[in-house]
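J.: Okay, so here is target_18.pdb, and as you'll see once you scroll down, it has PDB, C-alpha atoms, pLDDT in the B column.
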```
ATOM      1  CA  MET E1430     185.515 -23.103  84.951  1.00 44.00           C
ATOM      2  CA  SER E1431     184.252 -21.098  82.007  1.00 48.00           C
ATOM      3  CA  GLU E1432     185.635 -21.602  78.523  1.00 53.00           C
ATOM      4  CA  ARG E1433     186.732 -17.967  78.372  1.00 55.00           C
ATOM      5  CA  SER E1434     189.263 -18.393  81.183  1.00 58.00           C
ATOM      6  CA  ASN E1435     191.203 -20.849  79.012  1.00 57.00           C
ATOM      7  CA  VAL E1436     191.538 -18.459  76.079  1.00 57.00           C
ATOM      8  CA  ALA E1437     194.266 -15.815  76.015  1.00 58.00           C
ATOM      9  CA  THR E1438     193.547 -12.605  74.156  1.00 69.00           C
ATOM     10  CA  LEU E1439     196.179 -11.898  71.518  1.00 78.00           C
ATOM     11  CA  LEU E1440     197.544  -8.366  71.719  1.00 87.00           C
ATOM     12  CA  VAL E1441     199.592  -7.261  68.716  1.00 91.00           C
ATOM     13  CA  LEU E1442     201.603  -4.101  69.343  1.00 93.00           C
ATOM     14  CA  GLN E1443     203.173  -2.318  66.394  1.00 96.00           C
ATOM     15  CA  LEU E1444     205.577   0.616  66.466  1.00 97.00           C
ATOM     16  CA  GLN E1445     205.954   3.148  63.681  1.00 98.00           C
ATOM     17  CA  PRO E1446     208.671   5.812  63.790  1.00 98.00           C
ATOM     18  CA  ILE E1447     207.365   9.355  63.398  1.00 98.00           C
ATOM     19  CA  ALA E1448     208.590  12.896  64.037  1.00 98.00           C
ATOM     20  CA  VAL E1449     206.589  14.646  66.752  1.00 97.00           C
ATOM     21  CA  ASP E1450     206.278  18.425  67.090  1.00 96.00           C
ATOM     22  CA  THR E1451     206.709  18.716  70.850  1.00 91.00           C
ATOM     23  CA  GLY E1452     207.921  22.307  70.763  1.00 91.00           C
ATOM     24  CA  SER E1453     211.348  21.112  71.939  1.00 90.00           C
ATOM     25  CA  PRO E1454     214.267  19.084  70.555  1.00 91.00           C
ATOM     26  CA  ASP E1455     212.410  15.932  71.705  1.00 93.00           C
ATOM     27  CA  ARG E1456     211.154  14.953  68.232  1.00 94.00           C
ATOM     28  CA  ASP E1457     211.957  11.279  67.629  1.00 96.00           C
ATOM     29  CA  GLY E1458     208.712   9.470  68.217  1.00 97.00           C
ATOM     30  CA  MET E1459     206.896   6.179  67.854  1.00 98.00           C
ATOM     31  CA  LEU E1460     203.238   5.653  67.140  1.00 98.00           C
ATOM     32  CA  VAL E1461     202.067   2.601  69.065  1.00 98.00           C
ATOM     33  CA  THR E1462     199.101   0.616  67.805  1.00 97.00           C
ATOM     34  CA  ALA E1463     197.445  -2.318  69.525  1.00 95.00           C
ATOM     35  CA  ASN E1464     195.473  -4.590  67.241  1.00 93.00           C
ATOM     36  CA  GLY E1465     195.269  -1.779  64.683  1.00 93.00           C
ATOM     37  CA  LEU E1466     194.161   0.991  67.076  1.00 96.00           C
ATOM     38  CA  LEU E1467     196.373   3.943  68.002  1.00 97.00           C
ATOM     39  CA  VAL E1468     196.988   3.661  71.750  1.00 97.00           C
ATOM     40  CA  ALA E1469     200.083   5.777  72.439  1.00 97.00           C
ATOM     41  CA  VAL E1470     202.736   8.168  71.206  1.00 98.00           C
ATOM     42  CA  LEU E1471     206.213   7.699  72.642  1.00 97.00           C
ATOM     43  CA  VAL E1472     208.919  10.371  72.373  1.00 97.00           C
ATOM     44  CA  ARG E1473     212.669   9.979  72.885  1.00 96.00           C
ATOM     45  CA  LEU E1474     214.050  12.596  75.274  1.00 95.00           C
ATOM     46  CA  ALA E1475     216.726  14.680  73.553  1.00 93.00           C
ATOM     47  CA  GLU E1476     216.736  18.035  75.330  1.00 82.00           C
ATOM     48  CA  PRO E1477     219.977  18.523  77.288  1.00 83.00           C
ATOM     49  CA  GLU E1478     218.012  19.575  80.382  1.00 80.00           C
ATOM     50  CA  HIS E1479     216.650  16.024  80.778  1.00 81.00           C
ATOM     51  CA  ASP E1480     218.497  13.855  83.271  1.00 85.00           C
ATOM     52  CA  ASN E1481     217.843  10.805  81.122  1.00 90.00           C
ATOM     53  CA  VAL E1482     218.573  11.870  77.536  1.00 92.00           C
ATOM     54  CA  GLY E1483     217.846   9.015  75.146  1.00 94.00           C
ATOM     55  CA  SER E1484     215.082   7.537  77.301  1.00 96.00           C
ATOM     56  CA  TRP E1485     211.502   7.263  76.064  1.00 97.00           C
ATOM     57  CA  PHE E1486     208.485   9.100  77.443  1.00 95.00           C
ATOM     58  CA  LEU E1487     204.748   8.451  77.042  1.00 97.00           C
ATOM     59  CA  GLU E1488     203.790  11.712  75.333  1.00 96.00           C
ATOM     60  CA  ALA E1489     200.153  10.717  74.852  1.00 97.00           C
ATOM     61  CA  GLY E1490     197.996   7.728  75.704  1.00 97.00           C
ATOM     62  CA  PHE E1491     194.584   6.894  74.279  1.00 97.00           C
ATOM     63  CA  GLY E1492     191.770   4.628  75.414  1.00 94.00           C
ATOM     64  CA  ARG E1493     192.887   2.589  78.428  1.00 93.00           C
ATOM     65  CA  LEU E1494     196.166   4.537  78.523  1.00 95.00           C
ATOM     66  CA  GLN E1495     194.593   7.990  78.662  1.00 95.00           C
ATOM     67  CA  GLY E1496     195.628   9.755  81.857  1.00 92.00           C
ATOM     68  CA  GLN E1497     198.090   7.007  82.839  1.00 90.00           C
ATOM     69  CA  ARG E1498     201.218   8.159  84.636  1.00 92.00           C
ATOM     70  CA  ALA E1499     204.199   6.398  83.168  1.00 94.00           C
ATOM     71  CA  PRO E1500     207.855   6.375  84.098  1.00 94.00           C
ATOM     72  CA  THR E1501     210.501   7.197  81.537  1.00 94.00           C
ATOM     73  CA  PHE E1502     211.816   4.075  79.843  1.00 97.00           C
ATOM     74  CA  LEU E1503     215.456   3.280  79.105  1.00 96.00           C
ATOM     75  CA  ASN E1504     214.510   1.818  75.726  1.00 96.00           C
ATOM     76  CA  VAL E1505     211.536   1.054  73.501  1.00 96.00           C
ATOM     77  CA  GLU E1506     211.453  -2.568  74.678  1.00 96.00           C
ATOM     78  CA  ASP E1507     210.869  -1.445  78.288  1.00 97.00           C
ATOM     79  CA  ALA E1508     208.131   0.904  77.104  1.00 97.00           C
ATOM     80  CA  THR E1509     206.510  -1.895  75.095  1.00 95.00           C
ATOM     81  CA  ARG E1510     206.493  -4.219  78.119  1.00 96.00           C
ATOM     82  CA  TRP E1511     204.858  -1.506  80.256  1.00 97.00           C
ATOM     83  CA  LEU E1512     202.242  -0.793  77.576  1.00 96.00           C
ATOM     84  CA  ARG E1513     201.483  -4.483  77.084  1.00 94.00           C
ATOM     85  CA  ARG E1514     200.861  -4.992  80.839  1.00 94.00           C
ATOM     86  CA  ARG E1515     198.348  -2.150  80.854  1.00 94.00           C
ATOM     87  CA  LEU E1516     196.593  -3.136  77.654  1.00 93.00           C
ATOM     88  CA  THR E1517     196.231  -6.872  78.226  1.00 85.00           C
ATOM     89  CA  PRO E1518     192.786  -7.700  79.628  1.00 76.00           C
ATOM     90  CA  THR E1519     192.852  -9.338  83.055  1.00 64.00           C
TER
END
```
How does this structure look as structure tokens?
T.:
Amino acid sequence: MSERSNVATLLVLQLQPIAVDTGSPDRDGMLVTANGLLVAVLVRLAEPEHDNVGSWFLEAGFGRLQGQRAPTFLNVEDATRWLRRRLTPT
């Protein structure tokens, strides 16, 4: 067994509130950084036409998250868990 398989990579996610110009009422956002690198922008759904107002949406993903299809998340904690699973090296 190699020494690397016994070492877990630490992934530090940080969230920073930010307003996002989405062109709609969906403006409450969160910048998501992983170990100091911007990896995602989350936006809270506010437009009345959404079935799940108040849920969070992956507005943009960068690096490993670019092009990822994500569900809407009931809360930021659910979004963070989803992001962490996709960003943690296997």
J.: Could you tell me how far CA of Thr1509 in chain E sits from CA of Gly1465 in chain E, in Å to one decimal place?
T.: 15.3 Å
J.: Skipping near chain neighbours, those fewer than 3 positions away, what residues fall within 7 Å of range 1473-1479 of chain E using only C-alpha atoms, listed as a PyMOL selection string?
T.: chain E and resi 1454-1458+1482-1486
J.: Write out as a list of chain:residue names each polymer residue whose atoms come within 12 Å of Leu1442 in chain E, counting only C-alpha atoms; drop sequence neighbours fewer than 5 positions from it.
T.: E:Met1459, E:Leu1460, E:Val1461, E:Thr1462, E:Ala1463, E:Asn1464, E:Gly1465, E:Leu1466, E:Leu1467, E:Val1468, E:Ala1469, E:Val1505, E:Glu1506, E:Ala1508, E:Thr1509, E:Arg1510, E:Trp1511, E:Leu1512, E:Arg1513, E:Arg1514, E:Leu1516, E:Thr1517
J.: If you measure from CA of Arg1498 in chain E to CA of Leu1439 in chain E, what distance in Å do you get, rounded to one decimal?
T.: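 Atom-to-atom, CA of Arg1498 in chain E and CA of Leu1439 in chain E are spaced 24.5 Å apart.
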J.: Take every atom of range 1466-1482 of chain E listed in the file, fit an axis-aligned box around them, add 3 Å per side, and give the centre and edge lengths in Å to one decimal as lines of an AutoDock Vina configuration file.
T.:
```
center_x = 207.1
center_y = 10.3
center_z = 75.2
size_x = 31.8
size_y = 24.6
size_z = 22.2
```
J.: Quick one: distance from CA of Asp1450 in chain E to CA of Arg1515 in chain E in Å, one decimal?
T.: 26.0 Å
J.: How would you write as an MDAnalysis selection string the residues that get within 9 Å of (195.0, 8.6, 74.2) in the file's frame, counting all atoms listed in the file?
T.: chainID E and resid 1467:1470 1489:1496
J.: Which of these residues is nearest to Gln1445 in chain E, using all atoms listed in the file: E:Val1472, E:Asp1480, E:Asp1507, E:Pro1518?
T.: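 Answer, going by the shortest atom-to-atom distance: E:Val1472.
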J.: Closest to Leu1503 in chain E among E:Gly1452, E:Asn1481, E:Leu1471, E:Pro1446, using all atoms listed in the file?
T.: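 Counting all atoms listed in the file, the residue closest to Leu1503 in chain E is E:Asn1481.
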